[in-house]
Amino acid sequence: MSVSVNSDKVNLLNFDRKGLTTFFVEMGEKPFRATQILKWIYQEDVTDFEQMTNLSKSLRAYLKEHCMITAPEIILEQIASDGTTKWVVEMGQGNRIESVFIPEHNRGTLCVSSQIGCALACTFCSTAKQGFNRNLSVAEIIGQLYVAQKRLGEEKRITNVVMMGMGEPLLNFDNVVAAMNLMMDDFTFGLSKRRVTVSTSGIVPAMLRLNEACDVSMAVSLHAANDELRDELVPINQKYPLAELMAACSEYAKQGPRKHITFEYVMLEGVNDSIQDARALAKLLKNVPAKINLIPFNPFPNSAYLCSKAETITRFKDMLHKAGIVTTIRKTRGEDIDAACGQLVGKVKDKSRRHLKLQKMDLSHAI
Ligand code: SAH
């Protein structure tokens with residue numbers, strides 16, 4: 001692995017198969033060089049161009065001079081009592097993101113970040129409090145999978161990827177799509193499309209474009225069944241209200257043989273967990289092939305909410321079941337290392353200066 005960062009060199013981890021093919025064709029090489037390189041990198045674990053023996057000598061020399069294969073570096077690893085592993089990954093200039101590996105008996109899921117921080121201001125999420133710095137590149141997204149699998153070794157395979165780490169994946173559309181296509185490529189990790197999930201707060205235009213670009217599973221962070229409450233919890237709702245969001249979900253589900261969209265719903269005590277809320281939710285999802293994933297709220301310092309009581313969550317689930325919607329309660333994993341949903345903070349140099357605005361807001365509350 002090359003660790004020196006030379007910005008003049010092209011990082012080949014930034015290309016999916018299509019991009020890599022264009023890259024080689026434009027330099028006068030055969031298109032199949034793309035799959036050869038992908039195999040070397042992702043399947044043979046070779047990053048030294050000299051060792052890529054099926055490439056001509058001159059091509060190897062060219063690649064050595066102009067290209068690099070550089071993944072971001074893990075700088076901290078924490079393993080929770082339940083085996084959940086969190087890595088802090090260095091992205092340069094004081095920025096760090098987090099990826100989380102969640103082992104289960106029949107699969108291993110990697111939760112991948114798409115941005116450094118997040119520009120959305122969901123009130124119950126600690127990443128939101130960090131502000132936003134920048135989008136991650138394709139290399140930095142696929143690199144999380146690449147370094148995680150390397151770190152885990154042969155016995156622990158990553159079988160599933162969820163784009164549920166830091167950031168809003170659909171606001172980094174091109175890079176996230178290229179990285180997800182790369183994960184599903186037979187010459188890299190070969191993950192099946194059912195095992196790659198993009199989670200969105202509801203960026204409607206991007207949801208409508210996604211189907212063309214990339215065939216993956218979709219999860220939508222819903223959290224409220226009426227606009228008034230959703231405007232508050234997930235402020236992007238003010239731009240793309242529920243009617244538009246539901247229409248985009250139906251559209252996405254219609255294309256192709258996908259059976260459902262997963263709706264994530266964080267359980268906040270006294271905020272969105274009443275019987276009426278459950279009824280409204282069932283009504284809202286009546287015409288969409290839906291599964292619901294209830295997420296017990298994970299607290300973080302200065303968070304303004306409490307998690308709903310266990311019996312409230314069970315009652316909520318039962319109501320939805322009765323309404324005919326498959327509903328699961330997400331098991332909280334990695335709590336003791338702050339690796340659970342909404343607890344990922346990394347280290348973000350906020351460029352949006354939103355934290356200043358937040359501070360102001362907090363002050364006005366106090367007055
Ligand atoms: N921005 C994307 C990707 C983040 S996914 C999205 O909104 O879907 C992370 C999931 O965890 C989302 O469903 C998010 O709403 C949820 N989440 C955020 N903060 C949480 C918290 N404190 N407790 C539980 N779930 C949380």
# chains A, B, ... in the order shown; residues from 1 in each chain; ligands from 1
call {"tool": "residues_near_ligand", "arguments": {"ligand": "ligand 1", "cutoff": "8 Å", "atoms": "only C-alpha atoms and all ligand atoms", "output": "count of residues only"}}
result
38
call {"tool": "residues_around", "arguments": {"residues": "Arg17 in chain A", "least_positions_apart": "6", "cutoff": "9 Å", "atoms": "only C-alpha atoms", "output": "JSON, numbers by chain"}}
result
{"A": [34, 35, 38, 178, 181, 182, 185, 187]}
call {"tool": "write_last_selection", "arguments": {"atoms": "C-alpha atoms", "output": "tab-separated table (two decimals), in the first residue's frame"}}
result
chain	number	residue	atom	x	y	z
A	34	ALA	CA	-9.84	-2.10	-16.30
A	35	THR	CA	-10.86	-5.55	-15.06
A	38	LEU	CA	-9.64	-4.18	-10.44
A	178	ALA	CA	-19.68	5.01	-8.34
A	181	ASN	CA	-21.37	0.16	-8.29
A	182	LEU	CA	-17.79	-0.72	-7.46
A	185	ASP	CA	-18.68	-5.40	-9.28
A	187	PHE	CA	-14.09	-8.06	-10.06
call {"tool": "residues_around", "arguments": {"residues": "Asn160 in chain A", "least_positions_apart": "3", "cutoff": "8 Å", "atoms": "only C-alpha atoms", "output": "PyMOL selection string"}}
result
chain A and resi 107-110+191+195-196
call {"tool": "atom_distance", "arguments": {"atom1": "CA of Ser192 in chain A", "atom2": "CA of Ala213 in chain A"}}
result
15.7 Å
call {"tool": "select_by_dssp", "arguments": {"residues": "range 160-308 of chain A", "states": "strand (DSSP E or B)", "output": "ChimeraX atom specification"}}
result
/A:160-163,196-200,217-221,261-268,290-296,307
call {"tool": "closest_residue", "arguments": {"among": "A:Met207, A:Val88, A:Met27, A:Met218", "to": "Arg194 in chain A", "atoms": "only C-alpha atoms"}}
result
A:Met218
call {"tool": "decode", "arguments": {"residues": "range 5-25 of chain A", "atoms": "N, CA, C and O atoms", "output": "PDB file, in the first residue's frame"}}
result
ATOM      1  N   VAL A   5       1.064  10.673  -0.124  1.00  0.00           N
ATOM      2  CA  VAL A   5      -0.021  11.316  -0.859  1.00  0.00           C
ATOM      3  C   VAL A   5       0.592  12.293  -1.859  1.00  0.00           C
ATOM      4  O   VAL A   5       1.165  13.295  -1.498  1.00  0.00           O
ATOM      5  N   ASN A   6       0.493  11.904  -3.121  1.00  0.00           N
ATOM      6  CA  ASN A   6       1.012  12.773  -4.160  1.00  0.00           C
ATOM      7  C   ASN A   6      -0.166  13.209  -5.006  1.00  0.00           C
ATOM      8  O   ASN A   6      -0.720  12.459  -5.775  1.00  0.00           O
ATOM      9  N   SER A   7      -0.561  14.456  -4.845  1.00  0.00           N
ATOM     10  CA  SER A   7      -1.812  14.895  -5.455  1.00  0.00           C
ATOM     11  C   SER A   7      -1.722  14.971  -6.980  1.00  0.00           C
ATOM     12  O   SER A   7      -2.733  15.080  -7.648  1.00  0.00           O
ATOM     13  N   ASP A   8      -0.504  14.941  -7.542  1.00  0.00           N
ATOM     14  CA  ASP A   8      -0.382  14.968  -9.007  1.00  0.00           C
ATOM     15  C   ASP A   8      -0.761  13.620  -9.604  1.00  0.00           C
ATOM     16  O   ASP A   8      -1.039  13.518 -10.784  1.00  0.00           O
ATOM     17  N   LYS A   9      -0.718  12.595  -8.809  1.00  0.00           N
ATOM     18  CA  LYS A   9      -0.989  11.256  -9.328  1.00  0.00           C
ATOM     19  C   LYS A   9      -2.475  10.935  -9.287  1.00  0.00           C
ATOM     20  O   LYS A   9      -3.188  11.374  -8.390  1.00  0.00           O
ATOM     21  N   VAL A  10      -2.910  10.144 -10.262  1.00  0.00           N
ATOM     22  CA  VAL A  10      -4.314   9.745 -10.308  1.00  0.00           C
ATOM     23  C   VAL A  10      -4.508   8.550  -9.380  1.00  0.00           C
ATOM     24  O   VAL A  10      -3.823   7.529  -9.536  1.00  0.00           O
ATOM     25  N   ASN A  11      -5.436   8.668  -8.449  1.00  0.00           N
ATOM     26  CA  ASN A  11      -5.704   7.550  -7.543  1.00  0.00           C
ATOM     27  C   ASN A  11      -6.698   6.591  -8.203  1.00  0.00           C
ATOM     28  O   ASN A  11      -7.865   6.934  -8.424  1.00  0.00           O
ATOM     29  N   LEU A  12      -6.259   5.386  -8.496  1.00  0.00           N
ATOM     30  CA  LEU A  12      -7.118   4.451  -9.233  1.00  0.00           C
ATOM     31  C   LEU A  12      -8.314   3.972  -8.405  1.00  0.00           C
ATOM     32  O   LEU A  12      -9.270   3.440  -8.958  1.00  0.00           O
ATOM     33  N   LEU A  13      -8.277   4.194  -7.081  1.00  0.00           N
ATOM     34  CA  LEU A  13      -9.444   3.834  -6.262  1.00  0.00           C
ATOM     35  C   LEU A  13     -10.624   4.776  -6.526  1.00  0.00           C
ATOM     36  O   LEU A  13     -11.735   4.535  -6.083  1.00  0.00           O
ATOM     37  N   ASN A  14     -10.364   5.849  -7.263  1.00  0.00           N
ATOM     38  CA  ASN A  14     -11.465   6.772  -7.571  1.00  0.00           C
ATOM     39  C   ASN A  14     -12.321   6.327  -8.742  1.00  0.00           C
ATOM     40  O   ASN A  14     -13.293   6.991  -9.084  1.00  0.00           O
ATOM     41  N   PHE A  15     -11.950   5.227  -9.403  1.00  0.00           N
ATOM     42  CA  PHE A  15     -12.689   4.800 -10.593  1.00  0.00           C
ATOM     43  C   PHE A  15     -13.519   3.551 -10.344  1.00  0.00           C
ATOM     44  O   PHE A  15     -13.041   2.579  -9.770  1.00  0.00           O
ATOM     45  N   ASP A  16     -14.773   3.563 -10.838  1.00  0.00           N
ATOM     46  CA  ASP A  16     -15.499   2.297 -10.964  1.00  0.00           C
ATOM     47  C   ASP A  16     -15.085   1.673 -12.293  1.00  0.00           C
ATOM     48  O   ASP A  16     -14.231   2.224 -13.009  1.00  0.00           O
ATOM     49  N   ARG A  17     -15.682   0.528 -12.636  1.00  0.00           N
ATOM     50  CA  ARG A  17     -15.211  -0.172 -13.834  1.00  0.00           C
ATOM     51  C   ARG A  17     -15.344   0.700 -15.093  1.00  0.00           C
ATOM     52  O   ARG A  17     -14.464   0.734 -15.928  1.00  0.00           O
ATOM     53  N   LYS A  18     -16.496   1.411 -15.155  1.00  0.00           N
ATOM     54  CA  LYS A  18     -16.745   2.257 -16.319  1.00  0.00           C
ATOM     55  C   LYS A  18     -15.684   3.359 -16.417  1.00  0.00           C
ATOM     56  O   LYS A  18     -15.106   3.593 -17.473  1.00  0.00           O
ATOM     57  N   GLY A  19     -15.422   4.003 -15.312  1.00  0.00           N
ATOM     58  CA  GLY A  19     -14.442   5.079 -15.276  1.00  0.00           C
ATOM     59  C   GLY A  19     -13.051   4.583 -15.623  1.00  0.00           C
ATOM     60  O   GLY A  19     -12.294   5.246 -16.351  1.00  0.00           O
ATOM     61  N   LEU A  20     -12.727   3.413 -15.115  1.00  0.00           N
ATOM     62  CA  LEU A  20     -11.406   2.851 -15.349  1.00  0.00           C
ATOM     63  C   LEU A  20     -11.241   2.455 -16.822  1.00  0.00           C
ATOM     64  O   LEU A  20     -10.171   2.635 -17.423  1.00  0.00           O
ATOM     65  N   THR A  21     -12.323   1.927 -17.403  1.00  0.00           N
ATOM     66  CA  THR A  21     -12.284   1.550 -18.821  1.00  0.00           C
ATOM     67  C   THR A  21     -12.012   2.792 -19.678  1.00  0.00           C
ATOM     68  O   THR A  21     -11.130   2.787 -20.543  1.00  0.00           O
ATOM     69  N   THR A  22     -12.757   3.862 -19.405  1.00  0.00           N
ATOM     70  CA  THR A  22     -12.548   5.112 -20.151  1.00  0.00           C
ATOM     71  C   THR A  22     -11.106   5.591 -19.981  1.00  0.00           C
ATOM     72  O   THR A  22     -10.450   6.001 -20.938  1.00  0.00           O
ATOM     73  N   PHE A  23     -10.621   5.508 -18.760  1.00  0.00           N
ATOM     74  CA  PHE A  23      -9.262   5.949 -18.456  1.00  0.00           C
ATOM     75  C   PHE A  23      -8.237   5.218 -19.334  1.00  0.00           C
ATOM     76  O   PHE A  23      -7.361   5.832 -19.947  1.00  0.00           O
ATOM     77  N   PHE A  24      -8.393   3.900 -19.437  1.00  0.00           N
ATOM     78  CA  PHE A  24      -7.427   3.123 -20.227  1.00  0.00           C
ATOM     79  C   PHE A  24      -7.616   3.342 -21.728  1.00  0.00           C
ATOM     80  O   PHE A  24      -6.629   3.467 -22.463  1.00  0.00           O
ATOM     81  N   VAL A  25      -8.870   3.391 -22.165  1.00  0.00           N
ATOM     82  CA  VAL A  25      -9.118   3.576 -23.607  1.00  0.00           C
ATOM     83  C   VAL A  25      -8.543   4.921 -24.051  1.00  0.00           C
ATOM     84  O   VAL A  25      -7.901   5.024 -25.095  1.00  0.00           O
TER      85      VAL A  25
END
